[in-house]
Each structure stands twice: as C-alpha cells, then as structure tokens.
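Shown next, in structure tokens, is the structure this report addresses.
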Amino acid sequence: GRWTLGAPVQVNRVKIDARERAAYIERNASSFKPAVPPSPFPVQKVPTAGDFPEFIPPFVNSSAMAGPDGLLIVRRSKSADYMQAHYLFIDRQGKLVGELTLPLTEEIVGAGPRTLYISVKDEDDILHIRRHPW
C-alpha cells in the first residue's frame, strides 16, 4: 500500500459555550448519578467550564469504519444543535462524497460490499439491525 493524502475535510467548528456545556451534561447525566449499590464504579464529578476544550472535537474517538470500495465512514461528534448520529463518507482520494444524519434511535454499526447495517432502538430499548443497500 501507499498513503494518499487528500485535502483536509472541511467541517464546521463548534465553539463550546454555556449552551454546549449544558447539552453535554444533559446527554451524559447518567454518568454523574450514583450507581445502585454495590457498584464498583465511582460517580463522576460534573465538569466545570474549565474542564472543556475551546471547540468540540470534530470526530468521536474510534469513529471511523471501513465501507465498500475504500470508502471511509466517520461519525461526527454530537453538539447542542446536532444530537443525532451524523456521518461523513470520504472516498479513497480523501474527498467528502456524502453525509448522513440518522434519528436519535439509530446508528451505523457496519458496512458490507453492498449493504449498510444500522442498529435501531425501539420504544422498549430493544436493538434491531436493519440492512440498507448502497
């Protein structure tokens, strides 16, 4: 193999302000509540303004997965305005070739040569896998 470097993917930077901090704390509220005893997990402290970076990282940790024909699927970080799962599709030349936003109850869990696999959480919090052709 050889490396092919494309131009940087242009994404909007989201500055972390009081609204973004509140949205993060709301999204992660269960992390800041005591667990049912006896739990080995300590309660996390609620972050303060100084605990946040200046901007939201554009991508989630371990957010990239392989798609068909060398396509890269990258999940964007959530923000106050973008609570749903949002994905970028980048081709072999490093060019952004598509975007996909899914409802709050859905996320991409895999991709095959001709199929995109999406997990869907129903009203009972049961996960189902749905297939979509490319």
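We name chains A, B, ... following the order of the structure tokens; residues begin at 1 in each chain, and ligands are numbered from 1 as shown.
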
Near Pro47 in chain A, counting only C-alpha atoms, which residues have an atom at most 10 Å away, once you skip same-chain residues fewer than 6 positions from it, shown as a short mmCIF file (atom, residue, chain, number, x, y, z; two decimals) with all heavy atoms, in the first residue's frame?
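result.cif, freshly written:
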data_model
loop_
_atom_site.label_atom_id
_atom_site.label_comp_id
_atom_site.auth_asym_id
_atom_site.auth_seq_id
_atom_site.Cartn_x
_atom_site.Cartn_y
_atom_site.Cartn_z
N ARG A 21 -21.97 23.24 26.95
CA ARG A 21 -21.64 22.55 28.21
C ARG A 21 -22.90 21.93 28.83
O ARG A 21 -22.89 20.79 29.26
CB ARG A 21 -20.96 23.50 29.19
CG ARG A 21 -19.54 23.86 28.77
CD ARG A 21 -18.81 24.61 29.86
NE ARG A 21 -19.38 25.91 30.18
CZ ARG A 21 -19.08 27.03 29.57
NH1 ARG A 21 -18.18 27.04 28.59
NH2 ARG A 21 -19.64 28.17 29.93
N ALA A 22 -24.00 22.69 28.84
CA ALA A 22 -25.26 22.18 29.40
C ALA A 22 -25.77 20.98 28.59
O ALA A 22 -26.26 20.00 29.17
CB ALA A 22 -26.31 23.28 29.43
N TYR A 24 -23.93 18.83 26.87
CA TYR A 24 -23.06 17.70 27.18
C TYR A 24 -23.46 17.08 28.52
O TYR A 24 -23.57 15.86 28.63
CB TYR A 24 -21.60 18.16 27.23
CG TYR A 24 -20.68 17.07 27.72
CD1 TYR A 24 -20.18 16.13 26.84
CD2 TYR A 24 -20.34 16.97 29.06
CE1 TYR A 24 -19.35 15.11 27.28
CE2 TYR A 24 -19.51 15.96 29.52
CZ TYR A 24 -19.03 15.03 28.62
OH TYR A 24 -18.23 14.02 29.07
N ILE A 25 -23.67 17.90 29.53
CA ILE A 25 -24.04 17.39 30.85
C ILE A 25 -25.39 16.68 30.79
O ILE A 25 -25.57 15.61 31.38
CB ILE A 25 -24.03 18.53 31.89
CG1 ILE A 25 -22.58 18.98 32.10
CG2 ILE A 25 -24.68 18.11 33.19
CD1 ILE A 25 -22.41 20.28 32.86
N PHE A 32 -23.21 11.06 36.00
CA PHE A 32 -23.00 11.91 37.17
C PHE A 32 -23.93 11.55 38.33
O PHE A 32 -23.98 12.27 39.32
CB PHE A 32 -23.18 13.39 36.78
CG PHE A 32 -22.40 13.77 35.56
CD1 PHE A 32 -23.02 14.30 34.45
CD2 PHE A 32 -21.03 13.58 35.50
CE1 PHE A 32 -22.30 14.65 33.32
CE2 PHE A 32 -20.30 13.92 34.37
CZ PHE A 32 -20.94 14.46 33.28
#

(message) At a cut-off of 9 Å, using only C-alpha atoms, what residues contact range 48-52 of chain A? Leave out same-chain residues fewer than 5 positions from it and give the result as number ranges by chain.
(response) A: 16-18, 21

(request) Give the strand (DSSP E or B) residues of chain A, as DSSP finds them on the backbone, and put them as a count of residues only. (result) 46

(message) I'd like the contact shell of Arg114 in chain A - 8 Å cut-off, only C-alpha atoms, skipping same-chain residues fewer than 3 positions apart - returned as an NGL selection string.
(response) :A and (68 or 111 or 133-134)

Write out, as a PDB file, in the first residue's frame, the residues just selected, with C-alpha atoms.
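Wrote it out as again.pdb, contents follow:
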ATOM      1  CA  PRO A  68     -17.106  -0.647   0.445  1.00  0.00           C
ATOM      2  CA  ALA A 111     -20.936  -1.891   6.220  1.00  0.00           C
ATOM      3  CA  PRO A 133     -28.477  -1.361   0.043  1.00  0.00           C
ATOM      4  CA  TRP A 134     -25.734   1.071  -1.036  1.00  0.00           C
TER       5      TRP A 134
END

(message) If you run DSSP on the backbone here, which positions in chain A get alpha helix (DSSP H)? Please write them as a count of residues only.
(response) 10

(message) Using Å and a single decimal, report how far CA of Arg76 in chain A sits from CA of Phe55 in chain A.
(response) 13.3 Å

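One distance worth recording is that between CA of Ala7 in chain A and CA of Glu54 in chain A, which is 23.9 Å.
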
(request) Using only C-alpha atoms, pick whichever of A:Val97, A:Ser30, A:Pro38, A:Arg13 has the shortest atom-to-atom distance to Pro57 in chain A. (result)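 So, comparing all the options, the nearest one is A:Arg13.
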
(message) Just checking: using only C-alpha atoms, which residue out of A:Thr105, A:Ser119, A:Gln93, A:Ser63 ends up closest to Trp3 in chain A?
(response) A:Gln93

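The protein and nucleic acid residues lying at most 7 Å from Arg75 in chain A are Phe59, Val60, Ser63, Ala64, His86, Tyr87 and Leu88 of chain A, with only C-alpha atoms considered and sequence neighbours fewer than 4 positions away removed.
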
Please produce a file of those selected residues containing all heavy atoms, as a PDB file, in the first residue's frame.
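Output contents, as saved in selection_22.pdb:
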ATOM      1  N   PHE A  59     -14.619  14.819  15.451  1.00  0.00           N
ATOM      2  CA  PHE A  59     -14.948  13.406  15.312  1.00  0.00           C
ATOM      3  C   PHE A  59     -14.882  12.706  16.657  1.00  0.00           C
ATOM      4  O   PHE A  59     -14.102  13.079  17.528  1.00  0.00           O
ATOM      5  CB  PHE A  59     -13.976  12.716  14.339  1.00  0.00           C
ATOM      6  CG  PHE A  59     -13.865  13.425  13.025  1.00  0.00           C
ATOM      7  CD1 PHE A  59     -12.714  14.092  12.669  1.00  0.00           C
ATOM      8  CD2 PHE A  59     -14.936  13.452  12.158  1.00  0.00           C
ATOM      9  CE1 PHE A  59     -12.622  14.763  11.461  1.00  0.00           C
ATOM     10  CE2 PHE A  59     -14.865  14.121  10.946  1.00  0.00           C
ATOM     11  CZ  PHE A  59     -13.709  14.778  10.596  1.00  0.00           C
ATOM     12  N   VAL A  60     -15.684  11.676  16.798  1.00  0.00           N
ATOM     13  CA  VAL A  60     -15.727  10.859  18.002  1.00  0.00           C
ATOM     14  C   VAL A  60     -14.521   9.923  18.011  1.00  0.00           C
ATOM     15  O   VAL A  60     -14.053   9.498  16.953  1.00  0.00           O
ATOM     16  CB  VAL A  60     -17.037  10.029  18.006  1.00  0.00           C
ATOM     17  CG1 VAL A  60     -17.144   9.165  19.245  1.00  0.00           C
ATOM     18  CG2 VAL A  60     -18.249  10.938  17.879  1.00  0.00           C
ATOM     19  N   SER A  63     -14.079   6.645  15.659  1.00  0.00           N
ATOM     20  CA  SER A  63     -15.287   6.935  14.891  1.00  0.00           C
ATOM     21  C   SER A  63     -15.249   6.459  13.452  1.00  0.00           C
ATOM     22  O   SER A  63     -16.247   6.524  12.760  1.00  0.00           O
ATOM     23  CB  SER A  63     -15.538   8.441  14.896  1.00  0.00           C
ATOM     24  OG  SER A  63     -14.505   9.109  14.207  1.00  0.00           O
ATOM     25  N   ALA A  64     -14.113   5.997  12.971  1.00  0.00           N
ATOM     26  CA  ALA A  64     -14.000   5.621  11.561  1.00  0.00           C
ATOM     27  C   ALA A  64     -14.221   4.133  11.364  1.00  0.00           C
ATOM     28  O   ALA A  64     -13.796   3.319  12.176  1.00  0.00           O
ATOM     29  CB  ALA A  64     -12.623   6.012  11.035  1.00  0.00           C
ATOM     30  N   HIS A  86     -24.435  11.638  13.085  1.00  0.00           N
ATOM     31  CA  HIS A  86     -24.152  12.294  11.811  1.00  0.00           C
ATOM     32  C   HIS A  86     -22.852  11.706  11.269  1.00  0.00           C
ATOM     33  O   HIS A  86     -21.850  11.655  11.982  1.00  0.00           O
ATOM     34  CB  HIS A  86     -24.010  13.804  12.019  1.00  0.00           C
ATOM     35  CG  HIS A  86     -23.794  14.572  10.764  1.00  0.00           C
ATOM     36  ND1 HIS A  86     -24.834  15.023   9.983  1.00  0.00           N
ATOM     37  CD2 HIS A  86     -22.655  14.941  10.132  1.00  0.00           C
ATOM     38  CE1 HIS A  86     -24.337  15.661   8.931  1.00  0.00           C
ATOM     39  NE2 HIS A  86     -23.014  15.607   9.004  1.00  0.00           N
ATOM     40  N   TYR A  87     -22.875  11.260  10.023  1.00  0.00           N
ATOM     41  CA  TYR A  87     -21.728  10.567   9.425  1.00  0.00           C
ATOM     42  C   TYR A  87     -21.253  11.276   8.171  1.00  0.00           C
ATOM     43  O   TYR A  87     -22.059  11.807   7.404  1.00  0.00           O
ATOM     44  CB  TYR A  87     -22.116   9.127   9.048  1.00  0.00           C
ATOM     45  CG  TYR A  87     -22.532   8.311  10.242  1.00  0.00           C
ATOM     46  CD1 TYR A  87     -23.841   8.283  10.663  1.00  0.00           C
ATOM     47  CD2 TYR A  87     -21.589   7.573  10.956  1.00  0.00           C
ATOM     48  CE1 TYR A  87     -24.224   7.531  11.762  1.00  0.00           C
ATOM     49  CE2 TYR A  87     -21.956   6.822  12.054  1.00  0.00           C
ATOM     50  CZ  TYR A  87     -23.276   6.808  12.458  1.00  0.00           C
ATOM     51  OH  TYR A  87     -23.648   6.071  13.553  1.00  0.00           O
ATOM     52  N   LEU A  88     -19.931  11.235   7.967  1.00  0.00           N
ATOM     53  CA  LEU A  88     -19.315  11.715   6.737  1.00  0.00           C
ATOM     54  C   LEU A  88     -18.804  10.510   5.969  1.00  0.00           C
ATOM     55  O   LEU A  88     -18.302   9.554   6.568  1.00  0.00           O
ATOM     56  CB  LEU A  88     -18.136  12.642   7.048  1.00  0.00           C
ATOM     57  CG  LEU A  88     -18.432  13.867   7.902  1.00  0.00           C
ATOM     58  CD1 LEU A  88     -17.145  14.649   8.141  1.00  0.00           C
ATOM     59  CD2 LEU A  88     -19.487  14.746   7.271  1.00  0.00           C
TER      60      LEU A  88
END

(message) As an exercise, work out the distance from CA of Met65 in chain A to CA of Gly112 in chain A in Å and give it to one decimal place.
(response)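 Between CA of Met65 in chain A and CA of Gly112 in chain A the gap works out to 10.9 Å.
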
(request) Between A:Val11, A:Ile90, A:Leu100, A:Val43, single out the one closest to Gly70 in chain A, counting only C-alpha atoms. (result) A:Ile90

(request) Please provide the set of residues having any atom within 12 Å of Thr101 in chain A, restricted to only C-alpha atoms, with same-chain residues fewer than 2 positions apart removed, written as a list of chain:residue names. (result) A:Val74, A:Arg75, A:Arg76, A:Ser77, A:Lys78, A:Tyr82, A:Met83, A:Gln84, A:Ala85, A:His86, A:Tyr87, A:Leu88, A:Phe89, A:Gly98, A:Glu99, A:Pro103, A:Leu104, A:Thr105, A:Glu106, A:Glu107, A:Ile108, A:Ile118
